[in-house]
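Colleague: Structure supplied as protein27.txt; contents: compact mmCIF, C-alpha atoms.
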```txt
# COMPACT_ATOMS: atom_id res chain seq x y z
CA MET F 1 32.45 77.52 158.66
CA ALA F 2 31.19 79.24 161.69
CA ASN F 3 29.41 82.48 160.94
CA SER F 4 30.66 84.29 163.98
CA PHE F 5 33.91 84.74 165.87
CA ARG F 6 34.92 85.72 169.35
CA LEU F 7 35.99 89.28 169.98
CA GLU F 8 37.87 90.10 173.13
CA ILE F 9 38.82 93.68 173.90
CA ALA F 10 40.76 94.53 177.03
CA SER F 11 42.41 97.68 178.31
CA PRO F 12 44.79 97.74 181.28
CA GLU F 13 41.81 98.80 183.36
CA ARG F 14 39.24 96.22 182.38
CA LEU F 15 37.85 93.71 179.97
CA LEU F 16 35.46 95.62 177.75
CA VAL F 17 34.14 93.09 175.31
CA ASN F 18 34.15 89.32 175.23
CA GLU F 19 31.43 88.26 172.85
CA ALA F 20 30.56 86.43 169.68
CA VAL F 21 30.39 88.85 166.77
CA THR F 22 29.73 88.50 163.06
CA ASP F 23 32.03 91.25 161.87
CA ALA F 24 34.39 93.85 163.22
CA SER F 25 36.32 96.80 161.94
CA ILE F 26 39.50 97.47 163.84
CA PRO F 27 41.75 100.49 163.36
CA GLY F 28 45.20 99.05 162.77
CA GLU F 29 48.33 101.15 162.77
CA GLN F 30 48.58 100.71 158.99
CA GLY F 31 44.92 101.19 158.24
CA VAL F 32 41.54 99.80 159.13
CA LEU F 33 41.33 96.02 159.41
CA GLY F 34 37.99 94.59 158.41
CA MET F 35 37.29 91.24 159.97
CA LEU F 36 34.91 88.46 159.15
CA PRO F 37 34.73 84.94 160.53
CA GLY F 38 37.62 82.75 159.48
CA HIS F 39 40.19 85.50 159.22
CA ALA F 40 43.77 84.34 158.81
CA PRO F 41 46.01 84.55 161.90
CA LEU F 42 47.34 88.08 162.19
CA LEU F 43 49.36 90.24 164.52
CA SER F 44 49.31 93.98 164.31
CA GLU F 45 49.68 97.16 166.20
CA LEU F 46 46.50 98.99 167.02
CA GLY F 47 46.13 102.57 165.91
CA THR F 48 43.92 105.31 167.22
CA GLY F 49 40.39 105.27 165.99
CA GLU F 50 36.94 103.88 166.08
CA LEU F 51 36.40 100.16 166.55
CA THR F 52 33.02 98.80 165.52
CA TYR F 53 31.53 95.35 165.64
CA THR F 54 28.21 93.63 165.07
CA LEU F 55 26.85 91.20 167.59
CA VAL F 56 25.28 87.94 166.52
CA ASN F 57 21.84 89.48 167.09
CA GLY F 58 22.62 92.27 164.64
CA GLN F 59 23.28 94.99 167.18
CA LYS F 60 26.10 97.31 166.24
CA HIS F 61 28.42 98.72 168.84
CA SER F 62 31.38 100.99 168.70
CA LEU F 63 34.29 101.96 170.89
CA ALA F 64 37.09 104.48 170.75
CA VAL F 65 40.52 102.86 171.12
CA GLN F 66 44.02 104.23 171.30
CA GLY F 67 47.14 102.23 170.69
CA GLY F 68 47.85 98.64 171.58
CA TYR F 69 47.88 95.32 169.79
CA VAL F 70 45.61 93.00 167.85
CA GLU F 71 45.98 89.28 167.59
CA ILE F 72 43.86 86.93 165.55
CA SER F 73 44.08 83.19 165.76
CA ASP F 74 41.58 80.35 165.64
CA ASN F 75 38.63 82.59 164.91
CA HIS F 76 39.41 84.51 168.06
CA VAL F 77 40.27 88.20 167.91
CA ARG F 78 42.08 89.61 170.91
CA VAL F 79 42.60 93.31 171.22
CA ALA F 80 44.85 94.73 173.91
CA ALA F 81 44.20 98.46 173.78
CA SER F 82 46.19 100.97 175.80
CA SER F 83 42.97 102.84 176.28
CA ALA F 84 39.43 102.04 175.26
CA GLU F 85 36.03 103.55 175.92
CA TYR F 86 32.50 102.50 175.13
CA ALA F 87 30.69 104.90 172.83
CA ASN F 88 28.21 105.81 175.57
CA GLU F 89 31.02 106.71 177.96
CA ILE F 90 32.42 109.36 175.68
CA ASP F 91 32.01 112.96 176.68
CA VAL F 92 31.09 114.38 173.29
CA LYS F 93 31.39 117.99 174.37
CA ARG F 94 34.85 117.47 175.73
CA ALA F 95 35.96 115.63 172.61
CA GLU F 96 34.60 118.41 170.41
CA GLU F 97 36.48 121.00 172.39
CA ALA F 98 39.64 118.93 172.28
CA LEU F 99 39.28 118.57 168.53
CA LYS F 100 38.84 122.31 168.12
CA ARG F 101 41.84 123.05 170.26
CA ALA F 102 44.04 120.54 168.47
CA THR F 103 42.93 121.72 165.04
CA ALA F 104 43.67 125.31 165.95
CA ARG F 105 47.07 124.32 167.18
CA MET F 106 47.76 122.39 164.00
CA ALA F 107 46.52 125.23 161.80
CA ASN F 108 48.96 127.71 163.15
CA PRO F 109 51.75 126.02 164.98
CA LEU F 110 53.19 128.48 167.46
CA PRO F 111 56.78 127.94 168.41
CA GLY F 112 56.94 125.48 171.25
CA VAL F 113 53.86 123.60 170.13
CA ASP F 114 54.45 119.91 169.79
CA VAL F 115 52.91 119.19 166.40
CA ALA F 116 53.03 115.42 166.79
CA ARG F 117 51.23 115.71 170.09
CA ALA F 118 48.60 117.98 168.63
CA LEU F 119 48.09 115.57 165.77
CA ASN F 120 47.67 112.73 168.23
CA ALA F 121 45.18 114.72 170.26
CA MET F 122 43.28 115.46 167.07
CA LYS F 123 43.17 111.80 166.11
CA ARG F 124 42.01 110.82 169.58
CA ALA F 125 39.25 113.39 169.64
CA GLN F 126 38.13 112.44 166.15
CA ALA F 127 38.04 108.75 167.10
CA ARG F 128 35.91 109.53 170.13
CA LEU F 129 33.48 111.62 168.12
CA ASN F 130 33.16 108.99 165.41
CA ALA F 131 32.56 106.25 167.93
CA ALA F 132 30.01 108.34 169.81
CA LYS F 133 28.17 109.17 166.61
CA ALA F 134 28.11 105.59 165.42
CA ALA F 135 26.37 104.37 168.53
CA PRO F 136 22.66 103.68 168.01
CA SER F 137 20.58 106.38 169.65
CA ASN F 138 18.84 104.01 172.05
CA TYR F 139 22.21 102.82 173.20
CA ALA F 140 23.22 106.05 174.91
CA GLY F 141 23.22 105.82 178.66
CA MET F 142 22.93 102.07 178.72
CA PRO F 143 25.58 100.18 180.62
CA GLY F 144 28.30 98.99 178.33
CA PRO F 145 28.21 95.58 176.73
CA GLY F 146 30.75 93.02 177.77
CA LEU F 147 31.49 91.82 181.30
CA LYS F 148 28.27 89.89 181.07
CA GLU F 149 29.82 86.58 181.87
CA MET E 150 46.39 99.22 243.94
CA PRO E 151 45.06 101.54 241.24
CA SER E 152 41.83 103.28 242.02
CA LEU E 153 38.53 102.37 240.40
CA ILE E 154 38.48 105.61 238.49
CA ASP E 155 41.87 104.92 236.95
CA ILE E 156 40.75 101.54 235.69
CA ARG E 157 37.53 102.96 234.29
CA ARG E 158 39.54 105.57 232.46
CA ARG E 159 41.80 102.92 231.05
CA ILE E 160 38.81 100.88 229.83
CA ARG E 161 37.33 103.91 228.16
CA SER E 162 40.60 104.61 226.39
CA VAL E 163 40.90 101.06 225.10
CA LYS E 164 37.30 101.19 223.93
CA ASN E 165 38.05 104.32 221.95
CA THR E 166 41.00 102.63 220.33
CA GLN E 167 38.86 99.67 219.50
CA GLN E 168 36.34 101.88 217.81
CA ILE E 169 39.07 103.34 215.64
CA THR E 170 40.50 99.96 214.68
CA LYS E 171 37.04 98.66 213.88
CA ALA E 172 36.34 101.64 211.65
CA MET E 173 39.69 101.24 209.91
CA LYS E 174 38.96 97.60 209.33
CA MET E 175 35.69 98.43 207.66
CA VAL E 176 37.23 101.11 205.50
CA SER E 177 39.96 98.71 204.43
CA ALA E 178 37.42 96.04 203.61
CA ALA E 179 35.59 98.42 201.30
CA LYS E 180 38.81 99.58 199.66
CA LEU E 181 40.01 96.02 199.34
CA ARG E 182 36.93 95.03 197.42
CA ARG E 183 37.48 97.77 194.90
CA ALA E 184 41.19 97.06 194.60
CA GLN E 185 40.50 93.38 194.17
CA GLU E 186 38.08 94.06 191.35
CA ARG E 187 40.70 96.13 189.59
CA VAL E 188 43.28 93.38 189.92
CA ILE E 189 40.90 90.90 188.34
CA ALA E 190 39.81 93.35 185.64
CA SER E 191 43.41 93.97 184.60
CA ARG E 192 44.23 90.32 184.02
CA PRO E 193 42.75 89.79 180.53
CA TYR E 194 44.88 92.61 179.12
CA ALA E 195 48.04 91.20 180.66
CA GLY E 196 47.14 87.78 179.28
CA ILE E 197 46.70 89.04 175.74
CA LEU E 198 49.90 91.06 175.90
CA GLU E 199 51.87 88.10 177.17
CA ASN E 200 50.45 85.84 174.51
CA ILE E 201 51.36 88.27 171.75
CA LEU E 202 54.84 88.78 173.16
CA ALA E 203 55.43 85.03 173.28
CA ASN E 204 54.36 84.67 169.68
CA VAL E 205 56.40 87.58 168.41
CA ALA E 206 59.41 86.48 170.42
CA ALA E 207 59.22 83.00 168.92
CA VAL E 208 59.31 84.42 165.41
CA ALA E 209 61.74 87.25 165.99
CA GLY E 210 63.90 85.29 168.40
CA SER E 211 66.18 83.96 165.69
CA ASP E 212 66.82 87.39 164.23
CA GLU E 213 70.14 88.77 165.49
CA ARG E 214 69.20 92.33 164.75
CA VAL E 215 66.04 92.09 166.79
CA MET E 216 67.73 90.40 169.69
CA SER E 217 70.12 93.32 170.01
CA HIS E 218 67.24 95.43 171.29
CA PRO E 219 68.60 97.49 174.20
CA LEU E 220 66.02 96.12 176.62
CA LEU E 221 67.14 92.56 175.96
CA ALA E 222 70.87 93.17 176.43
CA ARG E 223 72.33 91.07 179.19
CA ARG E 224 75.18 92.48 181.22
CA ALA E 225 76.99 91.55 184.41
CA GLU E 226 74.80 92.89 187.21
CA LYS E 227 76.98 95.56 188.73
CA LYS E 228 74.54 98.40 188.86
CA ILE E 229 71.11 97.32 189.94
CA GLN E 230 68.01 99.44 190.01
CA ILE E 231 65.24 98.40 192.33
CA VAL E 232 61.67 99.50 191.77
CA LEU E 233 60.10 99.06 195.16
CA LEU E 234 56.40 99.29 195.82
CA THR E 235 55.29 100.01 199.36
CA SER E 236 52.22 101.63 200.85
CA ASP E 237 51.95 105.28 201.80
CA ARG E 238 50.52 104.57 205.20
CA GLY E 239 51.36 102.26 208.03
CA LEU E 240 49.13 100.31 210.40
CA ALA E 241 49.10 97.38 208.05
CA GLY E 242 50.95 94.86 210.17
CA ALA E 243 54.17 93.57 208.70
CA PHE E 244 53.21 94.57 205.17
CA ASN E 245 55.88 97.20 204.51
CA THR E 246 58.46 95.49 206.69
CA ASN E 247 58.15 92.38 204.56
CA LEU E 248 58.64 94.36 201.35
CA ILE E 249 61.69 96.12 202.75
CA LYS E 250 63.07 92.83 204.05
CA GLY E 251 62.65 91.36 200.58
CA THR E 252 64.61 94.28 199.21
CA GLN E 253 67.39 93.81 201.71
CA LYS E 254 67.56 90.14 200.87
CA LEU E 255 67.94 90.96 197.20
CA MET E 256 70.73 93.36 198.12
CA ALA E 257 72.45 90.73 200.23
CA ASP E 258 72.23 88.29 197.34
CA HIS E 259 74.19 90.67 195.11
CA PRO E 260 77.26 91.61 197.13
CA GLY E 261 79.43 94.23 195.52
CA ALA E 262 76.66 95.58 193.31
CA GLN E 263 75.69 99.20 193.31
CA PHE E 264 72.04 99.86 194.03
CA SER E 265 69.72 102.65 193.10
CA PHE E 266 66.08 102.94 193.99
CA GLU E 267 62.88 103.99 192.34
CA LEU E 268 60.54 104.23 195.28
CA ILE E 269 56.79 104.10 195.06
CA GLY E 270 55.05 104.68 198.37
CA ARG E 271 56.03 106.70 201.40
CA LYS E 272 57.13 103.85 203.64
CA GLY E 273 59.84 102.56 201.34
CA ARG E 274 60.87 106.09 200.50
CA ASP E 275 61.33 106.98 204.18
CA PHE E 276 63.30 103.83 204.87
CA PHE E 277 65.80 104.14 202.07
CA ARG E 278 66.11 107.86 202.28
CA ARG E 279 67.06 107.59 205.93
CA ARG E 280 69.79 105.19 204.92
CA GLU E 281 70.98 107.61 202.29
CA MET E 282 70.71 105.30 199.34
CA ALA E 283 70.86 106.51 195.76
CA ILE E 284 67.30 107.34 194.76
CA THR E 285 66.41 107.81 191.11
CA GLY E 286 62.84 108.80 191.77
CA GLU E 287 60.10 108.74 194.34
CA HIS E 288 56.38 108.60 193.85
CA LEU E 289 54.06 109.29 196.72
CA GLY E 290 50.33 108.94 196.74
CA ILE E 291 50.00 107.28 193.36
CA LEU E 292 48.74 104.02 194.84
CA ASN E 293 45.60 105.83 196.00
CA LYS E 294 44.60 106.36 192.43
CA ILE E 295 46.42 103.90 190.25
CA GLN E 296 46.79 105.06 186.69
CA ALA E 297 48.44 103.45 183.73
CA SER E 298 50.13 106.76 182.93
CA ASP E 299 52.08 106.63 186.19
CA ALA E 300 53.29 103.14 185.42
CA GLU E 301 54.22 104.31 181.96
CA ALA E 302 56.38 107.15 183.30
CA ILE E 303 58.17 104.86 185.74
CA ALA E 304 58.74 102.22 183.08
CA LYS E 305 60.08 104.81 180.70
CA SER E 306 62.61 106.20 183.12
CA ALA E 307 63.75 102.71 184.13
CA ALA E 308 64.12 101.67 180.48
CA GLU E 309 66.11 104.80 179.76
CA LEU E 310 68.54 104.18 182.59
CA TYR E 311 68.92 100.64 181.39
CA SER E 312 69.46 101.56 177.76
CA THR E 313 72.15 104.08 178.57
CA GLY E 314 73.96 101.54 180.73
CA ASP E 315 73.30 103.36 183.99
CA SER E 316 71.78 100.18 185.30
CA ASP E 317 72.55 96.57 184.41
CA ALA E 318 69.39 95.06 185.78
CA VAL E 319 66.07 96.30 187.08
CA TYR E 320 64.09 94.42 189.68
CA LEU E 321 60.52 95.06 190.67
CA ILE E 322 59.63 94.26 194.26
CA TYR E 323 55.96 94.13 195.02
CA ASN E 324 53.36 92.24 196.95
CA GLU E 325 51.41 89.64 195.08
CA TYR E 326 47.78 89.49 196.01
CA LYS E 327 46.61 85.92 196.34
CA SER E 328 43.81 86.18 198.82
CA VAL E 329 42.88 88.19 201.87
CA VAL E 330 45.01 86.07 204.14
CA SER E 331 47.75 85.10 201.77
CA GLN E 332 50.10 87.66 200.31
CA LYS E 333 53.60 87.19 199.16
CA VAL E 334 56.51 89.48 198.47
CA LEU E 335 57.68 88.88 194.93
CA VAL E 336 60.91 89.92 193.30
CA LYS E 337 60.51 90.14 189.56
CA LYS E 338 63.21 90.87 187.08
CA LEU E 339 61.98 93.67 184.86
CA LEU E 340 65.06 94.22 182.75
CA PRO E 341 66.64 92.62 180.85
CA ILE E 342 63.37 91.14 179.69
CA VAL E 343 63.40 87.38 179.71
CA LEU E 344 61.48 86.33 176.64
CA PRO E 345 59.10 83.45 177.07
CA GLU E 346 60.46 80.43 175.30
CA GLU E 347 57.77 78.88 173.27
CA ALA E 348 57.77 77.55 169.80
CA ALA E 349 55.68 79.46 167.31
CA THR E 350 52.51 77.52 166.91
CA THR E 351 50.61 79.77 164.55
CA ASP E 352 51.84 81.22 161.31
CA TYR E 353 50.77 84.82 161.67
CA ILE E 354 50.48 87.49 159.07
CA TYR E 355 52.43 90.47 160.33
CA GLU E 356 51.17 93.92 159.51
CA GLU E 357 54.47 95.26 160.79
CA PRO E 358 57.82 93.52 160.71
CA PRO E 359 58.05 91.31 163.82
CA GLY E 360 61.17 93.15 164.89
CA GLN E 361 59.37 96.46 164.95
CA LEU E 362 56.42 94.93 166.75
CA LEU E 363 58.75 93.49 169.37
CA GLY E 364 60.44 96.85 169.78
CA SER E 365 57.16 98.49 170.71
CA LEU E 366 55.93 95.51 172.72
CA LEU E 367 58.87 95.33 175.09
CA PRO E 368 58.41 98.76 176.75
CA LYS E 369 54.68 98.07 176.93
CA TYR E 370 55.40 94.80 178.67
CA VAL E 371 57.55 96.47 181.32
CA GLU E 372 54.90 99.11 181.77
CA ASN E 373 52.20 96.55 182.30
CA ALA E 374 54.35 94.61 184.78
CA ILE E 375 54.68 97.76 186.88
CA PHE E 376 51.01 98.60 186.48
CA SER E 377 49.81 95.21 187.63
CA GLY E 378 52.40 95.29 190.41
CA MET E 379 50.84 98.52 191.57
CA LEU E 380 47.35 97.04 191.51
CA GLU E 381 48.40 93.91 193.36
CA THR E 382 50.37 95.82 195.98
CA SER E 383 47.47 98.13 196.62
CA ALA E 384 45.06 95.22 197.05
CA SER E 385 47.54 93.49 199.34
CA GLU E 386 47.96 96.64 201.39
CA HIS E 387 44.27 96.86 202.10
CA ALA E 388 44.08 93.15 202.85
CA ALA E 389 47.03 93.41 205.23
CA ARG E 390 45.53 96.42 206.96
CA MET E 391 42.18 94.71 207.28
CA THR E 392 43.78 91.66 208.89
CA ALA E 393 45.90 93.81 211.19
CA MET E 394 42.95 95.92 212.27
CA ASP E 395 40.83 92.86 212.84
CA ALA E 396 43.52 91.46 215.12
CA ALA E 397 43.80 94.80 216.89
CA SER E 398 40.03 94.91 217.51
CA THR E 399 40.10 91.39 218.94
CA ASN E 400 43.03 92.26 221.16
CA ALA E 401 41.29 95.38 222.39
CA ALA E 402 38.22 93.32 223.28
CA GLU E 403 40.46 90.99 225.26
CA VAL E 404 42.11 93.84 227.12
CA ILE E 405 38.71 95.30 227.94
CA ASP E 406 37.54 91.96 229.34
CA LYS E 407 40.60 91.65 231.52
CA LEU E 408 40.34 95.20 232.77
CA THR E 409 36.66 94.82 233.53
CA LEU E 410 37.35 91.73 235.59
CA TYR E 411 40.14 93.51 237.40
CA MET E 412 37.93 96.51 238.02
CA ASN E 413 35.23 94.32 239.57
CA ARG E 414 37.78 92.68 241.80
CA VAL E 415 39.08 96.03 242.98
CA ARG E 416 35.56 97.20 243.69
CA GLN E 417 34.75 94.05 245.57
CA ALA E 418 37.96 94.35 247.55
CA SER E 419 37.18 97.87 248.61
CA ILE E 420 33.66 96.90 249.68
CA THR E 421 35.02 93.99 251.70
CA LYS E 422 37.52 96.28 253.29
CA GLU E 423 34.83 98.73 254.31
CA ILE E 424 32.68 95.97 255.85
CA ILE E 425 35.64 94.74 257.85
CA GLU E 426 36.27 98.25 259.06
CA VAL E 427 32.65 98.70 260.15
CA VAL E 428 32.51 95.31 261.82
CA SER E 429 35.80 95.71 263.63
CA GLY E 430 34.82 99.23 264.66
CA ALA E 431 31.59 97.89 266.16
CA ALA E 432 33.48 95.08 267.86
CA ALA E 433 35.88 97.57 269.42
CA LEU E 434 32.96 99.41 271.04
CA GLU E 435 31.64 96.38 272.84
```
As a first step, turn the structure in this file into structure tokens.

Modeller:
Amino acid sequence: MANSFRLEIASPERLLVNEAVTDASIPGEQGVLGMLPGHAPLLSELGTGELTYTLVNGQKHSLAVQGGYVEISDNHVRVAASSAEYANEIDVKRAEEALKRATARMANPLPGVDVARALNAMKRAQARLNAAKAAPSNYAGMPGPGLKE
Amino acid sequence: MPSLIDIRRRIRSVKNTQQITKAMKMVSAAKLRRAQERVIASRPYAGILENILANVAAVAGSDERVMSHPLLARRAEKKIQIVLLTSDRGLAGAFNTNLIKGTQKLMADHPGAQFSFELIGRKGRDFFRRREMAITGEHLGILNKIQASDAEAIAKSAAELYSTGDSDAVYLIYNEYKSVVSQKVLVKKLLPIVLPEEAATTDYIYEEPPGQLLGSLLPKYVENAIFSGMLETSASEHAARMTAMDAASTNAAEVIDKLTLYMNRVRQASITKEIIEVVSGAAALE
């Protein structure tokens, strides 16, 4: 069996990743999906969270994704994310502030505050922070992977 | 015969116009390149989405309960909503005219139907507002900075109208971008969604029930159709403007050539006239 599989991640804006990877962890709507080569065909909704993968050369990368779909077939993982960012594109300060704001809103829900929206905002900010933190330090500021072809 | 000064003035004016058209052409070329890149960059996502939809539809297609999804309901087309994409600015040749003509053709093809419009872009808005058509919404300036969230809002409102029975069909009219010289007005049926007919080839594991997946996929699909329509229309707009401005620059050069020739003739004529006057004056003295 092949020891790698193809990972394709696209958002409506662009194709972010199209590379051979050895493993990937994808935030599904129902929980994190861990993927290794030879995964069974699967269709799922994508949740909000941090998506990580390891390139064939051992480099680890991570992205923040929000909503969309995942399809696996023939050792080919296709992710259609409603929104996706490379770890090095994430504005950590902004995400931290957003997290603080959302947490405060959740902690004491004033009348008129949309709790579901605040929860979503919190999840999004958390996903961004996690993804940004997971990126290797020498990776920051480098142009994103993908789009190499 | 016009005086030399008049012709010179005219030439100067045409030259100024030519400078403007040349500049506009260059601006459009730069914008076109960016718009074109976005069109290409958006294709993988659309491909994946379509693929997933086809697979889910093949599995869920036999389920009655799933097929009663409000966005799949087929009704006699009495009330038709048209989502029309046009540009905000003119000077793009027949670009907007073609889109509006396409709309009118669609209307002529459905006699007796009631039409309402969701208008994106100033040109279409102005046209149909002047004709006092029913307008469900207008969006100006969003093609300058195309965002998925705008497409989402438009898709949502169209889906809502459709679900409540306020429209029986929704058509998207946009300009497909093929190449710089070739663009085509396309009429695409947004709702009811026509599911791709394809046999299920892979036996997928479903994290969610296929019906639920389909329910969330369908609005997304409409949204993406509008989003890519916006990208394509914007690219086409810049391509059309570039072509139009190129033609205008060439025409201006032609006019300048003609005027210059004419000006030289007039000058020559006046010189000849003066010589004749001098000569005949001298002859009269003899």

Colleague: Please indicate the distance in Å from atom CA of Ala178 of chain E to atom CA of Ala396 of chain E, rounded to one decimal place.

Modeller: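 Going from atom CA of Ala178 of chain E over to atom CA of Ala396 of chain E, I get 13.8 Å.
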
Colleague: Which residue, E:Ala203, E:Ala241, E:Val319, E:Ala433, has the smallest gap to chain F when you use all atoms listed in the file?

Modeller: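 Closest candidate: E:Ala203.
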
Colleague: For segment 22-35 of chain F, find every residue with an atom within 7 Å (counting only C-alpha atoms), except residues of its own chain fewer than 5 positions away, and show them as a list in words.

Modeller: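 Contacts, in chain order: Asn3, Ser4, Phe5, Ser44, Glu45, Leu46, Gly47, Thr48, Gly49, Glu50, Leu51, Thr52, Tyr53, Thr54, Leu55 and Val56 of chain F.
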
Colleague: Could I get the residues of chain E with an atom no further than 7 Å from an atom of chain F, each paired with its nearest atom pair and that distance in Å to one decimal, using all atoms listed in the file, sorted by chain and residue number, as a Markdown table?

Modeller:
```
| residue | atom | partner | partner_atom | distance |
| --- | --- | --- | --- | --- |
| E:Arg187 | CA | F:Glu13 | CA | 6.9 |
| E:Ala190 | CA | F:Arg14 | CA | 4.4 |
| E:Ser191 | CA | F:Pro12 | CA | 5.2 |
| E:Pro193 | CA | F:Ala10 | CA | 6.2 |
| E:Tyr194 | CA | F:Ala10 | CA | 5.0 |
| E:Ile197 | CA | F:Ala80 | CA | 6.3 |
| E:Leu198 | CA | F:Ala80 | CA | 6.6 |
| E:Ile201 | CA | F:Glu71 | CA | 6.9 |
| E:Asp352 | CA | F:Pro41 | CA | 6.7 |
| E:Tyr353 | CA | F:Leu42 | CA | 4.8 |
| E:Ile354 | CA | F:Leu42 | CA | 4.5 |
| E:Tyr355 | CA | F:Leu43 | CA | 5.2 |
| E:Glu356 | CA | F:Ser44 | CA | 5.1 |
| E:Glu357 | CA | F:Ser44 | CA | 6.4 |
```

Colleague: Rounded to one decimal, what separation in Å do you get between atom CA of Glu403 of chain E and atom CA of Lys174 of chain E?

Modeller: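 We find that atom CA of Glu403 of chain E and atom CA of Lys174 of chain E lie 17.3 Å from each other.
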
Colleague: Rank E:Gly378, E:Gly360, E:Pro368, E:Gly273 by their smallest atom-to-atom distance to Met216 of chain E, using all atoms listed in the file, and report the top residue only.

Modeller: E:Gly360

Colleague: Tell me, in Å to one decimal, how far atom CA of Ala172 of chain E is from atom CA of Ile269 of chain E.

Modeller: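 Distance reported for this atom pair: 26.4 Å.
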
Colleague: Counting only C-alpha atoms, find residues at most 7 Å from (39.8, 107.0, 169.5) (file frame) and give them as a PyMOL selection string.

Modeller: chain F and resi 48-50+64-66+123-128

Colleague: Which is closest to Val92 of chain F among F:Asn130, F:Pro37, F:Asn18, F:Leu7, if we use all atoms listed in the file?

Modeller: F:Asn130

Colleague: Pick the closest to Gln253 of chain E from E:Arg157, E:Val336, E:Met412, E:Gln168: which is it, counting only C-alpha atoms?

Modeller: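 Ranked by minimum distance to Gln253 of chain E, first place goes to E:Val336.
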
Colleague: Excluding Arg158 of chain E and any residue of its chain fewer than 5 positions from it, enumerate the residues within 12 Å of it, using only C-alpha atoms, and give them as number ranges by chain.

Modeller: E: 151-153, 163-165, 405, 408-409, 412

Colleague: Okay, now the selection with C-alpha atoms, as a PDB file, in the coordinates of the input?

Modeller:
```pdb
ATOM      1  CA  PRO E 151      45.060 101.540 241.240  1.00  0.00           C
ATOM      2  CA  SER E 152      41.830 103.280 242.020  1.00  0.00           C
ATOM      3  CA  LEU E 153      38.530 102.370 240.400  1.00  0.00           C
ATOM      4  CA  VAL E 163      40.900 101.060 225.100  1.00  0.00           C
ATOM      5  CA  LYS E 164      37.300 101.190 223.930  1.00  0.00           C
ATOM      6  CA  ASN E 165      38.050 104.320 221.950  1.00  0.00           C
ATOM      7  CA  ILE E 405      38.710  95.300 227.940  1.00  0.00           C
ATOM      8  CA  LEU E 408      40.340  95.200 232.770  1.00  0.00           C
ATOM      9  CA  THR E 409      36.660  94.820 233.530  1.00  0.00           C
ATOM     10  CA  MET E 412      37.930  96.510 238.020  1.00  0.00           C
TER      11      MET E 412
END
```

Colleague: Extending 4 Å beyond the listed atoms of segment 379-383 of chain E on each side, what axis-aligned box results? I want centre and edge lengths in Å to one decimal, as AutoDock Vina command-line options.

Modeller:
```
--center_x 49.1 --center_y 96.2 --center_z 194.1 --size_x 11.5 --size_y 12.6 --size_z 13.1
```

Colleague: Kindly indicate which residue among E:Ala431, E:Ala207, E:Ala195, E:Ile249 lies nearest to Leu234 of chain E, using all atoms listed in the file for the distances.

Modeller: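 The shortest atom-to-atom distance to Leu234 of chain E comes from E:Ile249.
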
Colleague: Tell me, as number ranges by chain, which residues lie within 9 Å of Gln263 of chain E, counting all atoms listed in the file; anything in the same chain fewer than 3 positions away does not count.

Modeller: E: 226-230, 259-260, 316

Colleague: Please extract segment 383-407 of chain E and write it out with C-alpha atoms, as a JSON list (two decimals), in the first residue's frame.

Modeller:
```json
[["chain", "number", "residue", "atom", "x", "y", "z"],
["E", 383, "SER", "CA", -16.37, 40.54, -13.41],
["E", 384, "ALA", "CA", -13.61, 38.99, -15.50],
["E", 385, "SER", "CA", -15.77, 39.28, -18.60],
["E", 386, "GLU", "CA", -16.53, 42.90, -17.83],
["E", 387, "HIS", "CA", -12.87, 43.81, -17.76],
["E", 388, "ALA", "CA", -12.19, 41.80, -20.89],
["E", 389, "ALA", "CA", -15.08, 43.49, -22.70],
["E", 390, "ARG", "CA", -13.92, 46.92, -21.58],
["E", 391, "MET", "CA", -10.38, 46.18, -22.65],
["E", 392, "THR", "CA", -11.53, 45.13, -26.12],
["E", 393, "ALA", "CA", -13.84, 48.13, -26.42],
["E", 394, "MET", "CA", -11.15, 50.56, -25.35],
["E", 395, "ASP", "CA", -8.64, 48.99, -27.68],
["E", 396, "ALA", "CA", -11.06, 49.48, -30.56],
["E", 397, "ALA", "CA", -11.71, 53.05, -29.45],
["E", 398, "SER", "CA", -7.97, 53.81, -29.38],
["E", 399, "THR", "CA", -7.55, 52.41, -32.88],
["E", 400, "ASN", "CA", -10.50, 54.41, -34.13],
["E", 401, "ALA", "CA", -9.13, 57.57, -32.57],
["E", 402, "ALA", "CA", -5.80, 56.98, -34.32],
["E", 403, "GLU", "CA", -7.67, 56.64, -37.60],
["E", 404, "VAL", "CA", -9.61, 59.84, -37.05],
["E", 405, "ILE", "CA", -6.40, 61.67, -36.20],
["E", 406, "ASP", "CA", -4.78, 60.45, -39.41],
["E", 407, "LYS", "CA", -7.70, 61.59, -41.49]]
```
